[in-house]
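Q: Dropping in upload_13.txt, with compact mmCIF, C-alpha atoms.
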# COMPACT_ATOMS: atom_id res chain seq x y z
CA MET A 310 123.10 115.83 77.41
CA LYS A 311 121.80 114.23 80.60
CA THR A 312 125.36 113.32 81.63
CA ARG A 313 126.54 116.90 81.15
CA ARG A 314 123.60 118.25 83.14
CA PHE A 315 124.26 115.76 85.93
CA LEU A 316 127.93 116.80 86.08
CA SER A 317 126.96 120.48 86.23
CA ILE A 318 124.61 119.85 89.14
CA LEU A 319 127.26 117.76 90.88
CA VAL A 320 129.90 120.48 90.52
CA LEU A 321 127.46 123.09 91.85
CA ALA A 322 126.55 120.89 94.82
CA LEU A 323 130.19 120.23 95.64
CA GLY A 324 130.96 123.91 95.38
CA CYS A 325 128.19 124.78 97.82
CA ALA A 326 129.25 122.01 100.18
CA ALA A 327 132.79 123.39 100.21
CA LEU A 328 131.56 126.65 101.74
CA PRO A 329 131.32 126.55 105.53
CA ALA A 330 127.75 126.71 106.83
CA THR A 331 128.64 129.67 109.04
CA ALA A 332 131.71 131.67 109.95
CA GLN A 333 133.05 130.59 113.34
CA ASP A 334 135.96 132.72 114.49
CA LEU A 335 138.15 135.51 113.19
CA GLN A 336 140.12 133.59 110.56
CA GLU A 337 137.03 131.95 109.07
CA ILE A 338 135.29 135.33 108.89
CA LYS A 339 138.27 136.85 107.10
CA ALA A 340 138.33 133.88 104.72
CA GLN A 341 134.64 134.27 103.90
CA GLY A 342 135.05 138.04 103.58
CA VAL A 343 131.92 139.05 105.49
CA LEU A 344 131.02 139.96 109.07
CA ARG A 345 127.36 139.29 109.86
CA HIS A 346 125.89 141.69 112.40
CA LEU A 347 122.83 140.34 114.20
CA GLY A 348 120.72 143.31 115.24
CA ILE A 349 117.31 144.21 116.59
CA PRO A 350 115.87 147.66 115.86
CA TYR A 351 116.09 149.21 119.31
CA ALA A 352 116.44 152.78 120.54
CA ASN A 353 119.36 154.52 118.82
CA PHE A 354 121.63 151.47 118.82
CA VAL A 355 119.95 150.04 115.71
CA THR A 356 117.47 152.54 114.34
CA GLY A 357 116.05 150.31 111.61
CA SER A 358 116.98 152.94 109.02
CA GLY A 359 120.50 151.69 108.34
CA ASP A 360 122.27 153.56 111.12
CA GLY A 361 122.61 153.67 114.90
CA LEU A 362 125.40 153.67 117.47
CA ASP A 363 126.06 149.92 117.29
CA VAL A 364 125.55 149.82 113.52
CA GLU A 365 128.27 152.40 112.95
CA ILE A 366 130.66 150.72 115.39
CA ILE A 367 130.26 147.29 113.76
CA GLN A 368 130.53 148.79 110.27
CA MET A 369 133.85 150.35 111.31
CA PHE A 370 134.95 147.05 112.82
CA ALA A 371 134.19 145.23 109.55
CA ARG A 372 136.27 147.78 107.61
CA HIS A 373 139.05 147.35 110.17
CA LEU A 374 139.02 143.58 109.52
CA GLY A 375 138.96 144.15 105.76
CA VAL A 376 135.66 142.33 105.25
CA ARG A 377 132.19 143.25 104.02
CA TYR A 378 129.58 144.31 106.57
CA GLN A 379 126.22 142.51 106.49
CA TYR A 380 123.28 143.42 108.72
CA VAL A 381 121.03 140.49 109.69
CA GLN A 382 117.84 141.53 111.44
CA THR A 383 116.68 139.28 114.25
CA SER A 384 114.41 139.49 117.31
CA TRP A 385 114.80 139.15 121.07
CA LYS A 386 113.22 135.71 120.80
CA SER A 387 115.60 134.49 118.08
CA ALA A 388 118.83 136.45 118.52
CA PHE A 389 120.72 134.04 120.78
CA GLY A 390 119.79 131.01 118.68
CA ASP A 391 120.79 132.92 115.54
CA LEU A 392 124.21 133.50 117.12
CA THR A 393 124.90 130.21 118.91
CA GLY A 394 122.82 127.69 116.97
CA ARG A 395 121.12 126.65 120.21
CA GLN A 396 117.54 127.60 120.95
CA VAL A 397 116.97 128.36 124.62
CA LYS A 398 114.16 129.10 127.03
CA GLN A 399 114.95 131.58 129.79
CA SER A 400 113.40 131.83 133.24
CA GLY A 401 114.97 134.40 135.53
CA ASP A 402 118.70 133.68 135.58
CA GLU A 403 118.28 130.10 134.32
CA ILE A 404 118.24 128.76 130.76
CA GLN A 405 117.01 125.53 129.21
CA PHE A 406 118.31 124.26 125.86
CA LEU A 407 115.50 123.27 123.52
CA GLY A 408 117.32 122.22 120.35
CA GLU A 409 119.50 123.31 117.47
CA VAL A 410 118.75 126.09 114.98
CA PRO A 411 120.77 127.59 112.09
CA MET A 412 123.47 130.11 112.97
CA ARG A 413 122.79 133.32 111.06
CA GLY A 414 125.33 135.79 112.42
CA ASP A 415 128.74 136.33 113.99
CA LEU A 416 127.93 138.82 116.76
CA ILE A 417 124.97 140.60 118.38
CA ALA A 418 125.11 144.39 118.79
CA ASN A 419 121.99 146.40 119.58
CA GLY A 420 122.32 147.70 123.11
CA LEU A 421 122.67 144.21 124.59
CA THR A 422 122.48 144.33 128.40
CA MET A 423 124.84 142.05 130.30
CA LEU A 424 122.57 139.67 132.23
CA PRO A 425 123.58 136.52 134.15
CA TRP A 426 121.45 134.16 132.06
CA ARG A 427 122.90 135.52 128.84
CA GLN A 428 126.45 135.12 130.15
CA LYS A 429 125.80 131.38 130.46
CA LEU A 430 125.16 131.31 126.72
CA ILE A 431 127.46 133.93 125.18
CA GLU A 432 130.58 135.99 125.88
CA TYR A 433 130.47 139.78 126.01
CA SER A 434 132.91 142.39 124.81
CA THR A 435 134.24 145.01 127.17
CA PRO A 436 131.37 147.32 128.22
CA THR A 437 130.22 149.57 125.41
CA PHE A 438 127.41 151.54 127.09
CA PRO A 439 126.00 152.11 130.59
CA THR A 440 122.42 151.25 131.40
CA GLY A 441 119.99 150.22 134.12
CA VAL A 442 116.24 149.77 134.43
CA TRP A 443 113.94 152.58 135.51
CA LEU A 444 110.26 152.72 136.36
CA ILE A 445 108.50 155.12 133.97
CA ALA A 446 104.96 156.45 134.39
CA ARG A 447 102.58 158.70 132.52
CA ALA A 448 103.07 162.29 133.61
CA GLU A 449 99.57 162.57 135.06
CA GLY A 450 99.84 159.31 137.01
CA LYS A 451 99.50 159.38 140.80
CA SER A 452 102.88 157.74 141.42
CA LEU A 453 105.48 160.35 142.37
CA PRO A 454 109.21 160.22 141.58
CA ILE A 455 111.33 159.13 144.53
CA LYS A 456 113.74 161.50 146.22
CA ALA A 457 117.25 160.30 145.47
CA SER A 458 119.02 159.35 148.71
CA GLY A 459 122.50 158.73 147.36
CA ASP A 460 122.10 155.08 148.34
CA ARG A 461 121.28 152.98 145.28
CA ALA A 462 119.81 150.06 147.23
CA ARG A 463 117.55 152.38 149.19
CA ASP A 464 116.42 154.15 146.01
CA ILE A 465 115.58 150.81 144.39
CA GLN A 466 113.44 149.79 147.36
CA ALA A 467 111.66 153.15 147.30
CA THR A 468 110.97 152.73 143.58
CA LYS A 469 109.70 149.19 144.02
CA SER A 470 107.21 150.47 146.60
CA ARG A 471 105.73 152.67 143.85
CA LEU A 472 104.98 149.57 141.76
CA ARG A 473 101.82 149.13 143.82
CA ASP A 474 100.48 152.45 142.57
CA GLY A 475 99.17 150.90 139.37
CA SER A 476 99.60 148.44 136.53
CA VAL A 477 103.12 147.90 135.17
CA LEU A 478 104.06 146.86 131.64
CA VAL A 479 106.89 144.30 131.43
CA MET A 480 108.40 141.97 128.82
CA GLU A 481 109.79 138.49 129.39
CA ALA A 482 113.19 137.32 128.08
CA THR A 483 114.50 140.90 127.91
CA CYS A 484 116.15 143.26 130.37
CA LEU A 485 112.58 144.24 131.34
CA ASP A 486 111.74 140.77 132.64
CA PRO A 487 110.27 141.20 136.16
CA ALA A 488 111.83 137.91 137.30
CA LEU A 489 115.27 139.55 137.06
CA TYR A 490 114.36 142.07 139.76
CA GLY A 491 112.37 139.93 142.17
CA LEU A 492 109.02 141.33 141.09
CA LYS A 493 107.12 138.14 140.29
CA ASN A 494 104.61 136.66 142.74
CA LYS A 495 104.55 139.85 144.79
CA GLY A 496 100.89 140.68 144.20
CA LEU A 497 101.78 143.35 141.63
CA ASP A 498 99.63 144.15 138.60
CA LEU A 499 102.20 143.08 135.99
CA ARG A 500 101.03 143.23 132.40
CA TYR A 501 103.16 141.30 129.94
CA TYR A 502 103.61 143.00 126.60
CA THR A 503 103.21 140.32 123.92
CA ARG A 504 102.16 142.30 120.87
CA SER A 505 105.78 142.17 119.72
CA THR A 506 109.29 141.95 121.20
CA ASN A 507 110.06 145.55 120.23
CA LEU A 508 111.09 147.43 123.37
CA ASN A 509 110.52 150.72 121.54
CA GLU A 510 106.78 150.09 121.88
CA MET A 511 106.68 150.16 125.69
CA VAL A 512 106.23 153.91 126.17
CA PRO A 513 103.66 154.27 123.36
CA ALA A 514 101.78 151.39 125.00
CA ILE A 515 101.44 153.14 128.35
CA LEU A 516 100.50 156.38 126.60
CA ASN A 517 97.78 154.30 124.93
CA ASP A 518 96.56 153.12 128.38
CA ASP A 519 97.83 149.53 128.09
CA ALA A 520 99.21 150.09 131.59
CA GLN A 521 99.92 153.01 133.90
CA MET A 522 103.65 152.43 134.20
CA THR A 523 106.40 150.47 132.48
CA LEU A 524 109.87 149.16 133.16
CA LEU A 525 112.32 150.71 130.72
CA ASP A 526 116.06 150.64 130.33
CA VAL A 527 117.94 153.89 130.56
CA PRO A 528 119.00 154.45 126.90
CA ASP A 529 115.42 153.94 125.72
CA ALA A 530 114.16 156.19 128.51
CA LEU A 531 116.54 158.99 127.49
CA ILE A 532 115.13 158.89 123.97
CA ALA A 533 111.53 158.65 125.20
CA LEU A 534 111.92 161.71 127.42
CA GLU A 535 113.01 163.71 124.37
CA LYS A 536 110.38 162.19 122.07
CA TRP A 537 107.42 162.64 124.43
CA PRO A 538 108.34 165.71 126.53
CA GLY A 539 105.93 166.35 129.37
CA GLN A 540 104.05 163.09 128.80
CA ILE A 541 106.13 160.71 130.92
CA LYS A 542 108.18 160.86 134.11
CA VAL A 543 110.92 158.81 135.72
CA ILE A 544 109.87 157.35 139.08
CA GLY A 545 113.23 155.81 139.98
CA PRO A 546 115.62 152.89 139.50
CA VAL A 547 114.52 149.25 139.61
CA SER A 548 117.99 147.77 139.05
CA GLU A 549 121.56 148.41 140.02
CA ASP A 550 123.72 150.05 137.37
CA GLN A 551 124.10 147.72 134.39
CA GLN A 552 126.28 147.65 131.30
CA MET A 553 125.83 146.75 127.66
CA GLY A 554 128.24 145.02 125.31
CA VAL A 555 128.58 143.15 122.03
CA GLY A 556 127.67 139.45 122.24
CA PHE A 557 129.91 136.70 120.81
CA ARG A 558 129.78 132.92 120.63
CA LYS A 559 131.89 131.22 123.28
CA ASP A 560 133.86 129.54 120.48
CA SER A 561 134.79 132.89 118.87
CA PRO A 562 137.50 134.13 121.29
CA GLU A 563 139.71 135.65 118.59
CA LEU A 564 136.86 137.68 117.10
CA ARG A 565 135.96 138.98 120.56
CA LYS A 566 139.62 139.80 121.28
CA ALA A 567 139.92 141.67 117.98
CA PHE A 568 136.79 143.68 118.70
CA ASN A 569 137.94 144.64 122.20
CA ALA A 570 141.24 145.90 120.82
CA PHE A 571 139.47 147.81 118.05
CA PHE A 572 136.91 149.33 120.45
CA GLN A 573 139.75 150.54 122.66
CA THR A 574 141.18 152.50 119.72
CA LEU A 575 137.76 154.14 119.16
CA LYS A 576 137.79 155.26 122.79
CA GLN A 577 141.37 156.48 122.67
CA ASP A 578 141.01 158.62 119.55
CA GLY A 579 137.68 160.19 120.58
CA THR A 580 135.61 158.48 117.87
CA TYR A 581 133.49 156.59 120.38
CA VAL A 582 132.36 159.55 122.43
CA ARG A 583 131.58 161.55 119.27
CA LEU A 584 129.29 158.69 118.20
CA VAL A 585 127.66 158.73 121.65
CA GLU A 586 127.10 162.48 121.34
CA LYS A 587 125.49 161.88 117.96
CA TYR A 588 123.01 159.21 119.10
CA TYR A 589 122.70 159.84 122.88
CA PRO A 590 123.60 163.49 123.51
CA THR A 591 122.35 163.41 127.13
CA ALA A 592 124.13 160.18 128.10
CA LEU A 593 127.35 161.94 129.09
CA ARG A 594 125.39 164.01 131.61
CA TYR A 595 123.56 161.01 133.10
CA PHE A 596 126.67 158.78 133.27
CA PRO A 597 129.64 161.11 133.84
CA SER A 598 131.82 158.45 135.46
CA PHE A 599 131.41 155.98 132.57
CA PHE A 600 132.27 158.60 129.93
CA LYS A 601 134.78 160.63 131.96
CA ASP A 602 137.95 159.65 130.08
CA GLU A 603 136.25 159.53 126.68
CA GLY A 604 134.82 163.02 127.15
CA ALA A 605 138.26 164.37 127.90
CA ARG A 606 139.67 162.80 124.74
CA ALA A 607 136.85 164.19 122.59
CA ALA A 608 137.78 167.68 123.79
CA GLU A 609 141.46 167.28 122.89
CA PRO A 610 142.68 169.56 120.08
CA GLY A 611 142.77 167.99 116.65
CA PRO A 612 145.51 168.42 114.05
CA SER A 613 144.37 171.98 113.27
CA GLY A 614 144.58 172.96 116.95
CA GLN A 615 140.77 173.05 117.32
CA ALA A 616 138.78 170.75 119.58
CA LYS A 617 137.18 167.72 117.96
CA THR A 618 133.46 168.23 117.33
CA ALA A 619 130.55 165.83 117.55
CA LEU A 620 129.55 163.86 114.48
CA LYS A 621 126.51 165.19 112.65
I need this file expressed as structure tokens, please.
A:
Amino acid sequence: MKTRRFLSILVLALGCAALPATAQDLQEIKAQGVLRHLGIPYANFVTGSGDGLDVEIIQMFARHLGVRYQYVQTSWKSAFGDLTGRQVKQSGDEIQFLGEVPMRGDLIANGLTMLPWRQKLIEYSTPTFPTGVWLIARAEGKSLPIKASGDRARDIQATKSRLRDGSVLVMEATCLDPALYGLKNKGLDLRYYTRSTNLNEMVPAILNDDAQMTLLDVPDALIALEKWPGQIKVIGPVSEDQQMGVGFRKDSPELRKAFNAFFQTLKQDGTYVRLVEKYYPTALRYFPSFFKDEGARAAEPGPSGQAKTALK
């Protein structure tokens, strides 16, 4: 009886050992039959309710590959370690490797801004969404919106001058890190949000008087302006135009190549812009150059001769 039990345990152990610890590139993912999507609930990219712009795109990608989709929730603190297996500490554009951690996913997709320090650690897909960082204030605050000059650099300097009008909420190790925009050690009243790493909490925090203003990236700001109409205002840009993309391990080139090809088909057949209209209906107005070609495709007549309509 003991011998039989020992053999059963041995067979089970060998069976588990035969499974790779984590999928690496495209062929291994297809062999395992599952694509693991690392995501952080953020804006309308990952809503936390099972949908979102990036959720739908990655679900479609998984179906395209013929594998099962699996969502793996992570955090801004853990996401890059969960993808690469290497825990890092970031300071401005520099990173320091701290040790190894388990790899829990195959790609990151949740409105991931392309930043220099992240590009040292991961590879990005082709751009999937436009962004940038704005300074947002409570509507009744004394800081006034800048007058757009048509010169981005000049507008950024004008916005940065408004940072002295009051306290500013920021968050390290995200696209709202003040070190990325030369704001540290400038005598500014920077207040680091540490209650969580959820960027969705920045606007509620300033409405709750945690600070008078906050840095906020554009997609989140577009949602906030709709969610809290009349309660907040855009002062101006703090960064140059930025872009978002899907993050991949550097040793997953075939998976990244497959995604780029797939994403191109979504743009060509109008699916992508219809998803954007569903989750970010004002984005096409704010970023006409980024969505120019996609918008034209979405308006092309479908098989019945009628224009394609936005997803509902």
Q: Could you tell me how far atom CA of Gly361 of chain A sits from atom CA of Leu416 of chain A, in Å to one decimal place?
A: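 These two atoms are separated by 15.9 Å.
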Q: As an exercise, work out the distance from atom CA of Leu421 of chain A to atom CA of Gln552 of chain A in Å and give it to one decimal place.
A: 8.4 Å
Q: Which is closest to Ser548 of chain A among A:Leu584, A:Ile532, A:Leu478, A:Ala462, if we use only C-alpha atoms?
A: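 Looking only at the distances to Ser548 of chain A, the closest residue turns out to be A:Ala462.
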Q: Find the distance between atom CA of Gly441 of chain A and atom CA of Gln551 of chain A and write it in Å to one decimal.
A: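 Answer for the atom CA of Gly441 of chain A to atom CA of Gln551 of chain A separation: 4.8 Å.
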Q: Per residue of segment 357-385 of chain A within 12 Å of segment 389-406 of chain A, note the shortest atom pair and the distance in Å to one decimal, counting only C-alpha atoms, and order the rows by chain and increasing residue number, as CSV.
A:
residue,atom,partner,partner_atom,distance
A:Val381,CA,A:Asp391,CA,9.6
A:Gln382,CA,A:Asp391,CA,10.0
A:Thr383,CA,A:Asp391,CA,7.7
A:Ser384,CA,A:Phe389,CA,9.0
A:Trp385,CA,A:Phe389,CA,7.8
Q: For Asp363 of chain A, please output as a ChimeraX atom specification all residues within 10 Å (counting only C-alpha atoms; exclusion window: fewer than 5 positions along the same chain).
A: /A:346,348,353-356,368-369,417-421,437,554-555,584-585,588
Q: Write out, as a compact mmCIF listing (two decimals), in the coordinates of the input, the residues just selected, with C-alpha atoms.
A:
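The new file out-v2.txt reads:
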# COMPACT_ATOMS: atom_id res chain seq x y z
CA HIS A 346 125.89 141.69 112.40
CA GLY A 348 120.72 143.31 115.24
CA ASN A 353 119.36 154.52 118.82
CA PHE A 354 121.63 151.47 118.82
CA VAL A 355 119.95 150.04 115.71
CA THR A 356 117.47 152.54 114.34
CA GLN A 368 130.53 148.79 110.27
CA MET A 369 133.85 150.35 111.31
CA ILE A 417 124.97 140.60 118.38
CA ALA A 418 125.11 144.39 118.79
CA ASN A 419 121.99 146.40 119.58
CA GLY A 420 122.32 147.70 123.11
CA LEU A 421 122.67 144.21 124.59
CA THR A 437 130.22 149.57 125.41
CA GLY A 554 128.24 145.02 125.31
CA VAL A 555 128.58 143.15 122.03
CA LEU A 584 129.29 158.69 118.20
CA VAL A 585 127.66 158.73 121.65
CA TYR A 588 123.01 159.21 119.10
Q: Here is a test: counting only C-alpha atoms, which residue of A:Asn509, A:Tyr581, A:Leu525, A:Ser358 is nearest to Asp486 of chain A?
A: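 Distance minimum relative to Asp486 of chain A lands on A:Leu525.
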Q: At most 10 Å from (116.0, 139.9, 124.6), file frame, only C-alpha atoms: which residues, as a count of residues only?
A: 21
Q: Which segment 514-562 of chain A residues have any atom within 6 Å of an atom of segment 444-459 of chain A, and for each, what is the nearest pair of atoms with distance in Å to one decimal, counting only C-alpha atoms, rows sorted by chain and number, as JSON lines?
A:
{"residue": "A:Met522", "atom": "CA", "partner": "A:Ala446", "partner_atom": "CA", "distance": 4.2}
{"residue": "A:Thr523", "atom": "CA", "partner": "A:Ile445", "partner_atom": "CA", "distance": 5.3}
{"residue": "A:Leu524", "atom": "CA", "partner": "A:Leu444", "partner_atom": "CA", "distance": 4.8}
{"residue": "A:Gln540", "atom": "CA", "partner": "A:Ala448", "partner_atom": "CA", "distance": 5.0}
{"residue": "A:Ile541", "atom": "CA", "partner": "A:Ala448", "partner_atom": "CA", "distance": 4.4}
{"residue": "A:Lys542", "atom": "CA", "partner": "A:Ala448", "partner_atom": "CA", "distance": 5.3}
{"residue": "A:Val543", "atom": "CA", "partner": "A:Ile445", "partner_atom": "CA", "distance": 4.7}
{"residue": "A:Ile544", "atom": "CA", "partner": "A:Pro454", "partner_atom": "CA", "distance": 3.9}
{"residue": "A:Gly545", "atom": "CA", "partner": "A:Leu444", "partner_atom": "CA", "distance": 5.6}
Q: Find the spatial neighbours of Asp526 of chain A, counting only C-alpha atoms, within a cut-off of 6 Å - ignore same-chain residues fewer than 3 positions away - and output them as a list in words.
A: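 Here the answer would be Gly441, Val442, Trp443 and Asp529 of chain A.
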Q: List the spatial neighbours of Tyr433 of chain A as a PyMOL selection string - criterion: any atom at most 9 Å away, all atoms listed in the file, same-chain residues fewer than 6 positions off excluded.
A: chain A and resi 423+553-558+565
Q: Assuming 5 Å of padding per side, give the centre and edge lengths of the axis-aligned box around every listed atom of segment 340-344 of chain A, in Å to one decimal and as JSON.
A:
{"center_x": 134.7, "center_y": 136.9, "center_z": 106.3, "size_x": 17.3, "size_y": 16.1, "size_z": 15.5}
Q: Go through A:Val527, A:Ala570, A:Leu430, A:Ala352 and flag the residue nearest Phe596 of chain A, using only C-alpha atoms for the distances.
A: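 Using only C-alpha atoms, Phe596 of chain A sits closest to A:Val527.
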